[in-house]
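Below is structure_29.pdb, which holds PDB, C-alpha atoms, pLDDT in the B column.
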```pdb
ATOM      1  CA  MET Y  12     -99.423  58.427  54.278  1.00 60.00           C
ATOM      2  CA  ALA Y  13     -95.642  58.769  54.488  1.00 78.00           C
ATOM      3  CA  GLY Y  14     -93.667  59.978  57.435  1.00 92.00           C
ATOM      4  CA  ILE Y  15     -90.634  62.229  57.491  1.00 96.00           C
ATOM      5  CA  HIS Y  16     -87.523  60.102  57.956  1.00 96.00           C
ATOM      6  CA  ILE Y  17     -85.063  60.978  60.696  1.00 97.00           C
ATOM      7  CA  ALA Y  18     -82.311  61.382  58.071  1.00 96.00           C
ATOM      8  CA  ASP Y  19     -84.337  64.202  56.488  1.00 97.00           C
ATOM      9  CA  ILE Y  20     -84.798  65.878  59.875  1.00 97.00           C
ATOM     10  CA  GLU Y  21     -81.039  65.627  60.379  1.00 97.00           C
ATOM     11  CA  SER Y  22     -80.357  67.041  56.903  1.00 96.00           C
ATOM     12  CA  ALA Y  23     -82.667  69.960  57.631  1.00 97.00           C
ATOM     13  CA  ILE Y  24     -80.886  70.570  60.937  1.00 96.00           C
ATOM     14  CA  ASN Y  25     -77.513  70.625  59.196  1.00 96.00           C
ATOM     15  CA  TRP Y  26     -78.874  72.962  56.495  1.00 96.00           C
ATOM     16  CA  TRP Y  27     -80.124  75.359  59.168  1.00 96.00           C
ATOM     17  CA  ARG Y  28     -76.857  75.117  61.134  1.00 94.00           C
ATOM     18  CA  GLN Y  29     -75.043  76.530  58.104  1.00 94.00           C
ATOM     19  CA  ARG Y  30     -77.538  79.363  57.649  1.00 93.00           C
ATOM     20  CA  SER Y  31     -78.396  80.265  61.216  1.00 91.00           C
ATOM     21  CA  PRO Y  32     -75.824  78.799  63.591  1.00 83.00           C
ATOM     22  CA  GLY Y  33     -76.960  80.729  66.656  1.00 80.00           C
ATOM     23  CA  ASP Y  34     -74.687  82.502  69.079  1.00 86.00           C
ATOM     24  CA  GLY Y  35     -72.903  79.466  70.503  1.00 83.00           C
ATOM     25  CA  VAL Y  36     -75.252  79.250  73.475  1.00 89.00           C
ATOM     26  CA  THR Y  37     -78.767  79.300  72.051  1.00 91.00           C
ATOM     27  CA  LEU Y  38     -80.192  77.804  68.901  1.00 92.00           C
ATOM     28  CA  SER Y  39     -82.127  79.701  66.281  1.00 93.00           C
ATOM     29  CA  PRO Y  40     -85.897  79.086  66.476  1.00 94.00           C
ATOM     30  CA  GLU Y  41     -85.773  76.842  63.373  1.00 95.00           C
ATOM     31  CA  LEU Y  42     -82.954  74.732  64.780  1.00 95.00           C
ATOM     32  CA  ARG Y  43     -84.638  74.461  68.164  1.00 95.00           C
ATOM     33  CA  ALA Y  44     -87.904  73.293  66.581  1.00 97.00           C
ATOM     34  CA  LEU Y  45     -86.156  70.638  64.486  1.00 97.00           C
ATOM     35  CA  ALA Y  46     -83.833  69.587  67.325  1.00 96.00           C
ATOM     36  CA  GLU Y  47     -86.803  68.935  69.620  1.00 97.00           C
ATOM     37  CA  VAL Y  48     -88.383  66.645  67.019  1.00 97.00           C
ATOM     38  CA  TYR Y  49     -85.050  64.915  66.380  1.00 97.00           C
ATOM     39  CA  ALA Y  50     -84.423  64.387  70.114  1.00 97.00           C
ATOM     40  CA  LEU Y  51     -87.872  62.860  70.620  1.00 97.00           C
ATOM     41  CA  MET Y  52     -87.369  60.564  67.637  1.00 97.00           C
ATOM     42  CA  VAL Y  53     -84.037  59.373  69.026  1.00 97.00           C
ATOM     43  CA  PHE Y  54     -85.428  58.978  72.564  1.00 97.00           C
ATOM     44  CA  HIS Y  55     -88.390  56.908  71.339  1.00 97.00           C
ATOM     45  CA  HIS Y  56     -86.297  54.966  68.782  1.00 97.00           C
ATOM     46  CA  GLU Y  57     -88.482  56.207  65.931  1.00 96.00           C
ATOM     47  CA  THR Y  58     -87.194  56.462  62.357  1.00 96.00           C
ATOM     48  CA  GLU Y  59     -90.141  58.490  61.038  1.00 96.00           C
ATOM     49  CA  CYS Y  60     -92.459  61.185  62.309  1.00 95.00           C
ATOM     50  CA  ASP Y  61     -95.912  61.962  60.992  1.00 94.00           C
ATOM     51  CA  GLU Y  62     -95.875  65.024  58.759  1.00 92.00           C
ATOM     52  CA  HIS Y  63     -99.412  65.936  59.822  1.00 93.00           C
ATOM     53  CA  THR Y  64     -98.639  66.051  63.549  1.00 92.00           C
ATOM     54  CA  LEU Y  65     -95.246  67.746  63.304  1.00 94.00           C
ATOM     55  CA  PRO Y  66     -95.287  71.000  65.310  1.00 96.00           C
ATOM     56  CA  ALA Y  67     -95.865  73.996  63.028  1.00 97.00           C
ATOM     57  CA  PRO Y  68     -92.448  75.651  63.648  1.00 97.00           C
ATOM     58  CA  ALA Y  69     -90.642  72.364  62.916  1.00 97.00           C
ATOM     59  CA  MET Y  70     -92.730  71.781  59.794  1.00 97.00           C
ATOM     60  CA  ALA Y  71     -92.017  75.313  58.553  1.00 97.00           C
ATOM     61  CA  ALA Y  72     -88.272  74.849  59.129  1.00 97.00           C
ATOM     62  CA  TRP Y  73     -88.327  71.426  57.452  1.00 97.00           C
ATOM     63  CA  MET Y  74     -90.256  72.819  54.469  1.00 97.00           C
ATOM     64  CA  ARG Y  75     -87.674  75.592  54.016  1.00 97.00           C
ATOM     65  CA  TRP Y  76     -85.004  72.870  53.729  1.00 97.00           C
ATOM     66  CA  TYR Y  77     -87.254  70.692  51.554  1.00 96.00           C
ATOM     67  CA  ASP Y  78     -87.714  73.563  49.084  1.00 96.00           C
ATOM     68  CA  THR Y  79     -83.953  73.453  48.407  1.00 95.00           C
ATOM     69  CA  THR Y  80     -83.977  69.771  47.404  1.00 94.00           C
ATOM     70  CA  PRO Y  81     -84.646  68.507  43.864  1.00 91.00           C
ATOM     71  CA  ASP Y  82     -88.332  67.837  43.303  1.00 92.00           C
ATOM     72  CA  ALA Y  83     -88.501  64.884  40.928  1.00 94.00           C
ATOM     73  CA  PRO Y  84     -85.836  62.249  40.296  1.00 93.00           C
ATOM     74  CA  CYS Y  85     -86.812  62.074  36.609  1.00 91.00           C
ATOM     75  CA  ILE Y  86     -83.936  62.072  34.100  1.00 89.00           C
ATOM     76  CA  ALA Y  87     -86.260  62.180  31.067  1.00 88.00           C
ATOM     77  CA  ILE Y  88     -85.843  58.487  30.247  1.00 87.00           C
ATOM     78  CA  CYS Y  89     -89.133  57.048  31.450  1.00 88.00           C
ATOM     79  CA  SER Y  90     -89.441  53.345  30.794  1.00 91.00           C
ATOM     80  CA  THR Y  91     -92.809  53.156  32.578  1.00 88.00           C
ATOM     81  CA  SER Y  92     -94.304  54.639  29.418  1.00 84.00           C
ATOM     82  CA  GLN Y  93     -93.015  51.518  27.653  1.00 88.00           C
ATOM     83  CA  GLY Y  94     -94.697  49.162  30.109  1.00 88.00           C
ATOM     84  CA  ASP Y  95     -92.029  48.705  32.800  1.00 89.00           C
ATOM     85  CA  GLU Y  96     -93.368  48.545  36.353  1.00 91.00           C
ATOM     86  CA  LEU Y  97     -90.255  50.389  37.603  1.00 92.00           C
ATOM     87  CA  CYS Y  98     -88.683  53.185  35.580  1.00 93.00           C
ATOM     88  CA  LYS Y  99     -85.130  52.318  34.544  1.00 91.00           C
ATOM     89  CA  GLY Y 100     -84.234  56.014  34.500  1.00 91.00           C
ATOM     90  CA  CYS Y 101     -85.320  57.186  37.957  1.00 92.00           C
ATOM     91  CA  GLY Y 102     -86.381  54.032  39.805  1.00 94.00           C
ATOM     92  CA  ARG Y 103     -89.947  55.102  40.579  1.00 95.00           C
ATOM     93  CA  SER Y 104     -92.921  52.801  40.084  1.00 94.00           C
ATOM     94  CA  PHE Y 105     -95.557  53.538  37.466  1.00 93.00           C
ATOM     95  CA  ASP Y 106     -97.941  54.708  40.213  1.00 94.00           C
ATOM     96  CA  GLU Y 107     -95.270  56.961  41.763  1.00 94.00           C
ATOM     97  CA  VAL Y 108     -94.594  58.579  38.387  1.00 94.00           C
ATOM     98  CA  GLN Y 109     -98.317  59.111  37.766  1.00 93.00           C
ATOM     99  CA  ASP Y 110     -99.123  60.380  41.270  1.00 95.00           C
ATOM    100  CA  TRP Y 111     -95.997  62.515  41.756  1.00 96.00           C
ATOM    101  CA  PRO Y 112     -97.813  65.853  41.246  1.00 96.00           C
ATOM    102  CA  VAL Y 113    -100.202  65.096  44.125  1.00 96.00           C
ATOM    103  CA  PHE Y 114     -97.678  63.518  46.513  1.00 96.00           C
ATOM    104  CA  THR Y 115     -97.015  65.341  49.764  1.00 95.00           C
ATOM    105  CA  PRO Y 116     -93.435  66.439  50.462  1.00 95.00           C
ATOM    106  CA  ALA Y 117     -93.006  63.505  52.872  1.00 95.00           C
ATOM    107  CA  GLU Y 118     -94.245  61.033  50.251  1.00 96.00           C
ATOM    108  CA  LYS Y 119     -91.791  62.469  47.716  1.00 96.00           C
ATOM    109  CA  ARG Y 120     -88.914  62.247  50.213  1.00 96.00           C
ATOM    110  CA  ALA Y 121     -89.884  58.644  51.063  1.00 95.00           C
ATOM    111  CA  THR Y 122     -89.721  57.785  47.368  1.00 95.00           C
ATOM    112  CA  TRP Y 123     -86.378  59.584  47.008  1.00 95.00           C
ATOM    113  CA  ARG Y 124     -85.078  57.637  50.012  1.00 95.00           C
ATOM    114  CA  ARG Y 125     -86.186  54.291  48.599  1.00 95.00           C
ATOM    115  CA  ILE Y 126     -84.732  54.823  45.127  1.00 94.00           C
ATOM    116  CA  THR Y 127     -81.491  56.194  46.591  1.00 93.00           C
ATOM    117  CA  LEU Y 128     -81.084  53.195  48.891  1.00 93.00           C
ATOM    118  CA  GLU Y 129     -81.835  50.801  46.029  1.00 93.00           C
ATOM    119  CA  GLY Y 130     -79.425  52.671  43.768  1.00 90.00           C
ATOM    120  CA  THR Y 131     -80.361  50.603  40.723  1.00 88.00           C
ATOM    121  CA  ALA Y 132     -81.822  53.337  38.517  1.00 90.00           C
ATOM    122  CA  TRP Y 133     -79.718  54.785  35.728  1.00 89.00           C
ATOM    123  CA  ARG Y 134     -79.669  58.136  37.544  1.00 86.00           C
ATOM    124  CA  PHE Y 135     -77.510  56.454  40.205  1.00 83.00           C
ATOM    125  CA  ASN Y 136     -75.242  54.273  38.098  1.00 80.00           C
ATOM    126  CA  ARG Y 137     -75.088  54.732  34.345  1.00 69.00           C
ATOM    127  CA  TYR Y 138     -75.133  58.533  34.432  1.00 67.00           C
ATOM    128  CA  ALA Y 139     -72.919  58.707  37.523  1.00 66.00           C
ATOM    129  CA  GLU Y 140     -70.386  56.465  35.745  1.00 72.00           C
ATOM    130  CA  ARG Y 141     -70.464  58.740  32.701  1.00 71.00           C
ATOM    131  CA  ALA Y 142     -69.819  61.788  34.884  1.00 71.00           C
ATOM    132  CA  ILE Y 143     -66.813  60.048  36.440  1.00 76.00           C
ATOM    133  CA  GLU Y 144     -65.538  59.063  32.989  1.00 78.00           C
ATOM    134  CA  ARG Y 145     -65.862  62.670  31.805  1.00 77.00           C
ATOM    135  CA  ALA Y 146     -63.954  63.936  34.831  1.00 79.00           C
ATOM    136  CA  ILE Y 147     -61.178  61.413  34.180  1.00 82.00           C
ATOM    137  CA  GLU Y 148     -61.059  62.393  30.502  1.00 81.00           C
ATOM    138  CA  ARG Y 149     -60.751  66.054  31.458  1.00 80.00           C
ATOM    139  CA  SER Y 150     -57.911  65.332  33.872  1.00 78.00           C
ATOM    140  CA  VAL Y 151     -56.069  63.320  31.188  1.00 76.00           C
ATOM    141  CA  GLU Y 152     -56.548  66.120  28.646  1.00 70.00           C
ATOM    142  CA  GLN Y 153     -55.058  68.666  31.044  1.00 66.00           C
ATOM    143  CA  PRO Y 154     -52.167  66.928  32.822  1.00 58.00           C
ATOM    144  CA  VAL Y 155     -50.618  68.654  35.792  1.00 56.00           C
ATOM    145  CA  ASP Y 156     -46.830  69.183  35.784  1.00 56.00           C
ATOM    146  CA  ARG Y 157     -45.829  67.948  39.223  1.00 54.00           C
ATOM    147  CA  THR Y 158     -42.064  68.070  38.580  1.00 59.00           C
ATOM    148  CA  ALA Y 159     -41.807  71.804  39.169  1.00 53.00           C
ATOM    149  CA  ASP Y 160     -43.345  71.692  42.656  1.00 52.00           C
ATOM    150  CA  PRO Y 161     -44.136  68.260  44.121  1.00 49.00           C
ATOM    151  CA  ALA Y 162     -46.317  69.875  46.788  1.00 51.00           C
ATOM    152  CA  SER Y 163     -48.793  71.189  44.204  1.00 47.00           C
ATOM    153  CA  ASP Y 164     -51.110  68.228  43.848  1.00 48.00           C
ATOM    154  CA  ARG Y 165     -54.167  70.369  43.206  1.00 46.00           C
ATOM    155  CA  ARG Y 166     -55.005  72.040  39.966  1.00 46.00           C
ATOM    156  CA  ASP Y 167     -56.600  75.034  41.676  1.00 49.00           C
ATOM    157  CA  THR Y 168     -53.441  75.839  43.644  1.00 47.00           C
ATOM    158  CA  PRO Y 169     -51.711  78.829  42.026  1.00 49.00           C
ATOM    159  CA  ASP Y 170     -48.176  78.395  40.801  1.00 49.00           C
ATOM    160  CA  PRO Y 171     -45.653  79.557  43.363  1.00 50.00           C
ATOM    161  CA  ALA Y 172     -44.124  82.961  42.703  1.00 51.00           C
ATOM    162  CA  PRO Y 173     -40.532  82.773  41.440  1.00 52.00           C
ATOM    163  CA  ASN Y 174     -37.851  83.688  43.970  1.00 55.00           C
ATOM    164  CA  ASP Y 175     -36.107  86.989  43.291  1.00 46.00           C
TER     165      ASP Y 175
END
```
Could you spell out this file's structure in structure tokens?
Amino acid sequence: MAGIHIADIESAINWWRQRSPGDGVTLSPELRALAEVYALMVFHHETECDEHTLPAPAMAAWMRWYDTTPDAPCIAICSTSQGDELCKGCGRSFDEVQDWPVFTPAEKRATWRRITLEGTAWRFNRYAERAIERAIERSVEQPVDRTADPASDRRDTPDPAPND
């Protein structure tokens, strides 16, 4: 049984703050429910809370946030099918790949947390490096003329209107 990590509670709080910020004095019901859980976790120096004992309003608010996160870390390069204990593509173990469809949301988030912290799977390095390389290639292909206006360091800044 996995618990919900405090970082996920915090992420859910921040997600709700953007969607339902309240009136400046009171919190929305979703934020209040999550904030109470977060405060108790901080007070008791806990890093995880049990998903099965989370108050229903907090669980509902957390699940709304959870539904916006990617489900599986799979990048369609599964080396566990070739006998590896850990998948080189996503970083999950053979058992995690096999049991993913029956994992609870907290178990999935715990796996996501572990593979993100490890950062050794191709999804975190090889493909991230390729994305950076592509971005650099695109910027080289479309150089920005900075001589006309040295203040325009951004490509999305419109050209200044000519003076009449």
Contacts of Arg28 in chain Y within 12 Å, only C-alpha atoms, excl. fewer than 5 positions in-chain, as a ChimeraX atom specification: /Y:21-23,33-35,37-43,45-46,72,76
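You will find CA of Ser92 in chain Y at 8.2 Å from CA of Phe105 in chain Y.
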Neighbour list for Asp19 in chain Y as a ChimeraX atom specification, cut-off 12 Å, all atoms listed in the file, skip fewer than 2 positions in-chain: /Y:14-17,21-26,45,48-49,58-60,62,70,72-74,76-77,80,116-117,119-121,123-124
Write the selection just made, keeping C-alpha atoms, as a compact mmCIF listing (two decimals), in the frame of the given file?
```
# COMPACT_ATOMS: atom_id res chain seq x y z
CA GLY Y 14 -93.67 59.98 57.44
CA ILE Y 15 -90.63 62.23 57.49
CA HIS Y 16 -87.52 60.10 57.96
CA ILE Y 17 -85.06 60.98 60.70
CA GLU Y 21 -81.04 65.63 60.38
CA SER Y 22 -80.36 67.04 56.90
CA ALA Y 23 -82.67 69.96 57.63
CA ILE Y 24 -80.89 70.57 60.94
CA ASN Y 25 -77.51 70.62 59.20
CA TRP Y 26 -78.87 72.96 56.50
CA LEU Y 45 -86.16 70.64 64.49
CA VAL Y 48 -88.38 66.64 67.02
CA TYR Y 49 -85.05 64.92 66.38
CA THR Y 58 -87.19 56.46 62.36
CA GLU Y 59 -90.14 58.49 61.04
CA CYS Y 60 -92.46 61.18 62.31
CA GLU Y 62 -95.88 65.02 58.76
CA MET Y 70 -92.73 71.78 59.79
CA ALA Y 72 -88.27 74.85 59.13
CA TRP Y 73 -88.33 71.43 57.45
CA MET Y 74 -90.26 72.82 54.47
CA TRP Y 76 -85.00 72.87 53.73
CA TYR Y 77 -87.25 70.69 51.55
CA THR Y 80 -83.98 69.77 47.40
CA PRO Y 116 -93.44 66.44 50.46
CA ALA Y 117 -93.01 63.50 52.87
CA LYS Y 119 -91.79 62.47 47.72
CA ARG Y 120 -88.91 62.25 50.21
CA ALA Y 121 -89.88 58.64 51.06
CA TRP Y 123 -86.38 59.58 47.01
CA ARG Y 124 -85.08 57.64 50.01
```
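The space between CA of Gly130 in chain Y and CA of Pro84 in chain Y spans 12.0 Å.
CA of Thr115 in chain Y lies 23.3 Å from CA of Lys99 in chain Y.
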